[in-house]
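The next block is structure.txt, given as compact mmCIF, C-alpha atoms.
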```txt
# COMPACT_ATOMS: atom_id res chain seq x y z
CA MET K 1 0.00 0.00 0.00
CA SER K 2 1.15 3.55 -0.68
CA ILE K 3 2.12 5.80 2.24
CA LEU K 4 -1.01 6.97 4.09
CA GLY K 5 -3.01 5.27 1.35
CA ILE K 6 -2.15 8.13 -1.03
CA THR K 7 -0.79 7.34 -4.49
CA ASN K 8 2.32 9.32 -5.42
CA ARG K 9 1.53 10.92 -8.79
CA THR K 10 4.73 12.95 -9.29
CA GLU K 11 6.44 12.31 -12.61
CA ASN K 12 9.85 11.73 -11.01
CA TRP K 13 8.42 8.99 -8.80
CA ILE K 14 6.60 7.34 -11.71
CA THR K 15 9.72 7.55 -13.89
CA ALA K 16 11.89 6.03 -11.17
CA SER K 17 9.39 3.26 -10.47
CA TYR K 18 9.44 2.21 -14.14
CA PHE K 19 13.11 2.66 -14.99
CA ALA K 20 15.15 2.18 -11.80
CA PRO K 21 14.32 -1.57 -11.45
CA LEU K 22 15.32 -2.37 -15.04
CA SER K 23 17.77 -5.20 -15.51
CA ARG K 24 20.69 -4.89 -17.88
CA MET K 25 18.74 -6.89 -20.43
CA GLY K 26 15.74 -4.60 -20.04
CA ILE K 27 17.92 -1.54 -20.60
CA LEU K 28 19.47 -3.20 -23.64
CA ARG K 29 16.06 -4.06 -25.15
CA LEU K 30 14.96 -0.45 -24.78
CA ALA K 31 18.19 0.79 -26.38
CA LYS K 32 17.80 -1.60 -29.30
CA HIS K 33 14.22 -0.44 -29.85
CA LEU K 34 15.64 3.09 -30.04
CA GLY K 35 18.13 2.08 -32.70
CA GLU K 36 21.10 0.59 -30.88
CA SER K 37 23.16 -1.95 -32.81
CA SER K 38 22.10 -5.58 -32.62
CA GLN K 39 25.73 -6.41 -31.75
CA THR K 40 25.66 -4.44 -28.48
CA VAL K 41 25.76 -6.50 -25.30
CA PRO K 42 24.07 -5.65 -21.95
CA GLY K 43 27.17 -4.29 -20.20
CA ASP K 44 27.66 -1.73 -22.99
CA VAL K 45 24.51 0.27 -22.17
CA HIS K 46 24.25 2.38 -19.02
CA LEU K 47 21.22 4.12 -17.51
CA GLU K 48 20.97 7.40 -15.59
CA LEU K 49 17.84 9.12 -14.28
CA PHE K 50 17.28 12.85 -13.79
CA TRP K 51 20.61 13.59 -15.45
CA ARG K 52 22.17 17.05 -15.42
CA GLY K 53 25.15 16.23 -17.58
CA VAL K 54 26.57 19.69 -18.14
CA ARG K 55 26.30 20.71 -14.48
CA ASP K 56 27.88 17.49 -13.25
CA TYR K 57 30.66 17.60 -15.85
CA LEU K 58 31.69 21.09 -14.75
CA SER K 59 31.59 20.02 -11.12
CA GLN K 60 33.79 17.05 -11.98
CA ILE K 61 36.46 19.29 -13.52
CA HIS K 62 36.03 21.88 -10.72
CA GLN K 63 34.86 24.67 -13.02
CA SER K 64 32.09 27.21 -12.49
CA ALA K 65 29.34 27.57 -15.06
CA GLY K 66 29.94 31.27 -15.71
CA ASN K 67 33.46 30.61 -16.96
CA HIS K 68 32.02 28.50 -19.77
CA TYR K 69 29.12 30.62 -21.01
CA ASP K 70 31.10 32.09 -23.91
CA ASP K 71 32.24 28.61 -24.89
CA PHE K 72 28.68 27.27 -24.76
CA ALA K 73 27.52 30.13 -26.99
CA SER K 74 30.34 29.59 -29.47
CA ARG K 75 29.50 25.90 -29.77
CA TYR K 76 25.77 26.65 -29.97
CA ASN K 77 26.27 29.11 -32.83
CA ARG K 78 28.53 26.68 -34.69
CA LEU K 79 25.95 23.91 -34.35
CA PHE K 80 22.62 25.78 -34.37
CA GLY K 81 23.29 29.33 -35.59
CA PRO K 82 22.52 30.69 -39.07
CA GLU K 83 25.50 28.84 -40.54
CA GLY K 84 25.28 25.92 -38.10
CA THR K 85 25.74 22.29 -39.03
CA GLU K 86 22.27 21.56 -37.55
CA GLY K 87 20.74 24.52 -39.37
CA ASP K 88 19.43 27.88 -38.18
CA LEU K 89 17.43 26.82 -35.14
CA ARG K 90 15.63 30.11 -34.58
CA ARG K 91 14.48 30.24 -38.20
CA GLN K 92 13.41 26.60 -38.11
CA VAL K 93 11.26 27.20 -35.03
CA GLU K 94 9.75 30.39 -36.50
CA LYS K 95 8.75 28.84 -39.81
CA PHE K 96 7.48 25.51 -38.44
CA ARG K 97 3.88 24.75 -39.41
CA HIS K 98 2.45 21.26 -39.07
CA SER K 99 -0.19 19.92 -41.44
CA GLU K 100 -2.73 19.91 -38.58
CA GLY K 101 -2.18 23.61 -38.00
CA LEU K 102 0.22 23.25 -35.09
CA ALA K 103 2.77 26.02 -34.69
CA PHE K 104 4.89 27.59 -31.98
CA SER K 105 3.95 30.86 -30.34
CA ASP K 106 5.74 33.91 -31.68
CA LEU K 107 9.32 34.09 -30.49
CA ARG K 108 10.73 37.00 -28.51
CA PRO K 109 13.86 38.76 -29.82
CA ASP K 110 16.20 36.84 -27.48
CA ASN K 111 14.77 33.36 -28.07
CA TYR K 112 17.26 30.95 -29.67
CA MET K 113 19.82 33.77 -30.02
CA ALA K 114 23.31 33.82 -28.48
CA VAL K 115 24.90 37.06 -29.64
CA THR K 116 24.60 39.72 -26.95
CA GLU K 117 26.15 39.38 -23.50
CA ASP K 118 22.74 38.86 -21.91
CA GLN K 119 21.71 36.23 -24.48
CA ILE K 120 24.99 34.38 -23.94
CA ARG K 121 24.46 34.42 -20.17
CA GLN K 122 20.89 33.16 -20.51
CA LEU K 123 21.84 30.43 -22.97
CA GLY K 124 24.67 29.32 -20.68
CA SER K 125 22.30 29.11 -17.73
CA ASN K 126 19.78 27.12 -19.79
CA VAL K 127 22.42 24.61 -20.90
CA PHE K 128 23.91 24.32 -17.40
CA ASN K 129 20.54 23.68 -15.72
CA THR K 130 19.01 21.30 -18.27
CA GLU K 131 17.81 18.06 -16.69
CA ILE K 132 16.95 14.98 -18.73
CA ASP K 133 14.67 12.38 -17.12
CA VAL K 134 16.14 9.23 -18.66
CA VAL K 135 19.53 8.82 -20.35
CA LEU K 136 21.00 5.69 -21.87
CA GLU K 137 24.60 5.67 -23.08
CA SER K 138 25.90 3.10 -25.51
CA PRO K 139 29.17 2.99 -27.46
CA GLY K 140 27.63 4.95 -30.33
CA CYS K 141 24.61 6.78 -28.94
CA LEU K 142 23.32 8.99 -26.18
CA PHE K 143 19.59 8.30 -25.82
CA VAL K 144 17.86 11.23 -24.08
CA GLY K 145 14.32 10.64 -22.83
CA GLU K 146 11.61 12.92 -21.51
CA ALA K 147 8.96 11.25 -19.35
CA LYS K 148 5.52 12.79 -18.95
CA HIS K 149 2.54 11.56 -16.97
CA GLU K 150 -0.02 14.37 -16.67
CA SER K 151 1.92 17.60 -17.22
CA ASN K 152 2.68 19.16 -20.60
CA LEU K 153 6.05 19.59 -22.25
CA GLY K 154 7.72 22.68 -20.84
CA SER K 155 7.81 25.97 -22.73
CA ASP K 156 9.15 29.21 -21.26
CA GLY K 157 9.41 32.25 -23.52
CA SER K 158 11.73 34.00 -21.06
CA LEU K 159 14.48 31.48 -21.83
CA VAL K 160 16.80 31.48 -24.82
CA LEU K 161 16.17 27.75 -25.32
CA VAL K 162 12.40 28.03 -25.02
CA HIS K 163 11.10 24.52 -25.61
CA GLN K 164 11.92 21.59 -23.34
CA LEU K 165 12.60 18.86 -25.91
CA VAL K 166 14.66 21.20 -28.08
CA ARG K 167 16.61 22.45 -25.05
CA GLN K 168 17.50 18.89 -24.04
CA TYR K 169 18.70 18.06 -27.54
CA VAL K 170 20.81 21.23 -27.74
CA ALA K 171 22.35 20.68 -24.29
CA ALA K 172 23.27 17.08 -25.12
CA LYS K 173 24.85 18.11 -28.44
CA ILE K 174 26.88 20.87 -26.78
CA LEU K 175 28.15 18.53 -24.05
CA LEU K 176 29.24 15.89 -26.55
CA ASP K 177 30.97 18.63 -28.54
CA ILE K 178 32.85 19.74 -25.42
CA LEU K 179 33.89 16.16 -24.72
CA GLY K 180 34.98 15.63 -28.33
CA GLN K 181 32.66 12.66 -28.70
CA THR K 182 30.84 11.75 -31.89
CA LYS K 183 28.00 9.79 -30.30
CA GLN K 184 24.60 10.29 -31.93
CA VAL K 185 21.99 12.06 -29.79
CA VAL K 186 18.76 10.05 -29.99
CA PRO K 187 15.73 11.64 -28.28
CA PHE K 188 12.70 9.70 -27.10
CA VAL K 189 9.52 10.51 -25.21
CA VAL K 190 7.39 8.46 -22.81
CA TRP K 191 3.90 9.78 -22.07
CA ASN K 192 0.29 8.91 -21.42
CA ARG K 193 -1.55 9.62 -24.64
CA ASN K 194 -5.30 9.79 -24.96
CA PRO K 195 -6.22 8.12 -28.29
CA SER K 196 -8.00 11.30 -29.41
CA GLN K 197 -5.15 13.56 -28.33
CA ARG K 198 -2.88 14.94 -31.02
CA ARG K 199 0.85 15.08 -30.40
CA PRO K 200 2.31 18.29 -28.94
CA VAL K 201 3.92 20.76 -31.30
CA GLN K 202 7.36 20.11 -29.81
CA ILE K 203 7.15 16.44 -30.75
CA GLU K 204 6.00 17.26 -34.29
CA PHE K 205 8.84 19.76 -34.67
CA MET K 206 11.45 17.29 -33.46
CA ILE K 207 10.13 14.68 -35.89
CA GLU K 208 10.20 17.11 -38.81
CA GLN K 209 13.79 18.03 -37.96
CA GLY K 210 14.74 14.36 -38.11
CA TRP K 211 15.88 14.46 -34.48
CA LEU K 212 13.03 12.31 -33.12
CA GLN K 213 11.69 9.21 -34.84
CA GLU K 214 8.00 8.36 -34.90
CA ASP K 215 8.48 5.04 -33.11
CA HIS K 216 10.51 6.74 -30.36
CA VAL K 217 7.32 8.35 -29.02
CA LEU K 218 6.40 5.69 -26.46
CA GLU K 219 3.71 5.12 -23.88
CA TRP K 220 4.28 3.79 -20.38
CA CYS K 221 2.89 0.40 -21.37
CA ASP K 222 5.59 0.21 -24.05
CA ILE K 223 8.27 0.48 -21.36
CA VAL K 224 6.73 -2.45 -19.52
CA ALA K 225 6.49 -4.51 -22.73
CA LEU K 226 10.00 -3.70 -23.94
CA CYS K 227 11.84 -4.06 -20.67
CA SER K 228 10.11 -6.87 -18.79
```

What does the file become when written as structure tokens?
Amino acid sequence: MSILGITNRTENWITASYFAPLSRMGILRLAKHLGESSQTVPGDVHLELFWRGVRDYLSQIHQSAGNHYDDFASRYNRLFGPEGTEGDLRRQVEKFRHSEGLAFSDLRPDNYMAVTEDQIRQLGSNVFNTEIDVVLESPGCLFVGEAKHESNLGSDGSLVLVHQLVRQYVAAKILLDILGQTKQVVPFVVWNRNPSQRRPVQIEFMIEQGWLQEDHVLEWCDIVALCS
């Protein structure tokens, strides 16, 4: 029975209750569903929950976040700026229109920009504080998962990296760039979907960008089926 007979409905508790007990084989089956090589063995895939990779990396090397904001911005602009290898992220968000009429709210001048001192500081803070619910690391991939139960995907127009799924992808790419690693960032989502509910605009955007695959949008029952 739950404590005091009250069911804990927080997303962190639900996420932990599904993922923390996973065996190595369960973790491997999930990774292979997400595209991991069939040759990978259980000990090659590692799981972390509620992962703040950038924050913990800087702590590990005994560096403060503020000393790295310019570096974060430089890497962001090289990857996601107008001439970036991932394309012009601000323009991509602004022009996105899904066939069902989904679109993002109008961006503010600072959103997805890292040019001015204030924008650079805000972007650095966003990257430093990004938390990812579920992370799997394999030899070739970093699988980054967002778990939702009842709440919506986060969106905060006061941030440079406005949208939660996009922010997680950007933070993971920047960290791998810092570490000099060429692992592929593979996003996935776990949520409770009402059959009549259409997918959130962030998911549709990530799919259109080619960053999120259709079959990587999972439900909680899929986790049970894949990992048991």

Problem set entry | Asp70 of chain K surroundings by all atoms listed in the file, 9 Å radius, close-in-sequence under 2 positions cut, as number ranges by chain | K: 66-68, 72-75, 117, 120-121, 124

Problem set entry | Non-local contacts of Ile14 of chain K (12 Å; only C-alpha atoms; under 2 positions in same chain excluded) as number ranges by chain | K: 7-12, 16-21, 49, 133-134, 147-150, 190-192, 220, 223

Exercise. For the point (17.1, 31.1, -23.4) in file coordinates, what residues are within 9 Å, counting only C-alpha atoms? Give the answer as a ChimeraX atom specification?
Worked result: /K:110-114,119-127,156-162,167

For this session: Fewer than 4 positions away in the same chain doesn't count, so skip those; otherwise give me all residues within 9 Å of Gly154 of chain K, counting all atoms listed in the file, as a ChimeraX atom specification.
Result: /K:162-165

Store the residues picked out above in a file with C-alpha atoms, as an mmCIF file, in the frame of the given file.
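As a result, result38.cif now contains:
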```cif
data_model
loop_
_atom_site.group_PDB
_atom_site.id
_atom_site.type_symbol
_atom_site.label_atom_id
_atom_site.label_comp_id
_atom_site.auth_asym_id
_atom_site.auth_seq_id
_atom_site.Cartn_x
_atom_site.Cartn_y
_atom_site.Cartn_z
ATOM 1 C CA VAL K 162 12.400 28.030 -25.020
ATOM 2 C CA HIS K 163 11.100 24.520 -25.610
ATOM 3 C CA GLN K 164 11.920 21.590 -23.340
ATOM 4 C CA LEU K 165 12.600 18.860 -25.910
#
```

Problem set entry | K:Phe80, K:Glu94, K:Lys173, K:Gly53 ranked by distance to Glu131 of chain K, top pick (using all atoms listed in the file) |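 Using all atoms listed in the file, Glu131 of chain K sits closest to K:Gly53.
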
Exercise. Any idea what's packed within 12 Å of segment 207-218 of chain K, counting all atoms listed in the file, ignoring anything in its chain fewer than 3 positions away? Could you give it as a PyMOL selection string?
Worked result: chain K and resi 30-35+86-89+92-93+95-99+143-149+165-166+168-170+173+184-193+199-204+221-226

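Shortest separation to Phe104 of chain K among K:Ser155, K:Gln197, K:Thr182, K:Gln39 occurs at residue K:Ser155, atoms counted being only C-alpha atoms.
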
For this session: Could you check how far atom CA of Thr40 of chain K sits from atom CA of Thr130 of chain K, in Å to one decimal?
Result: 28.5 Å
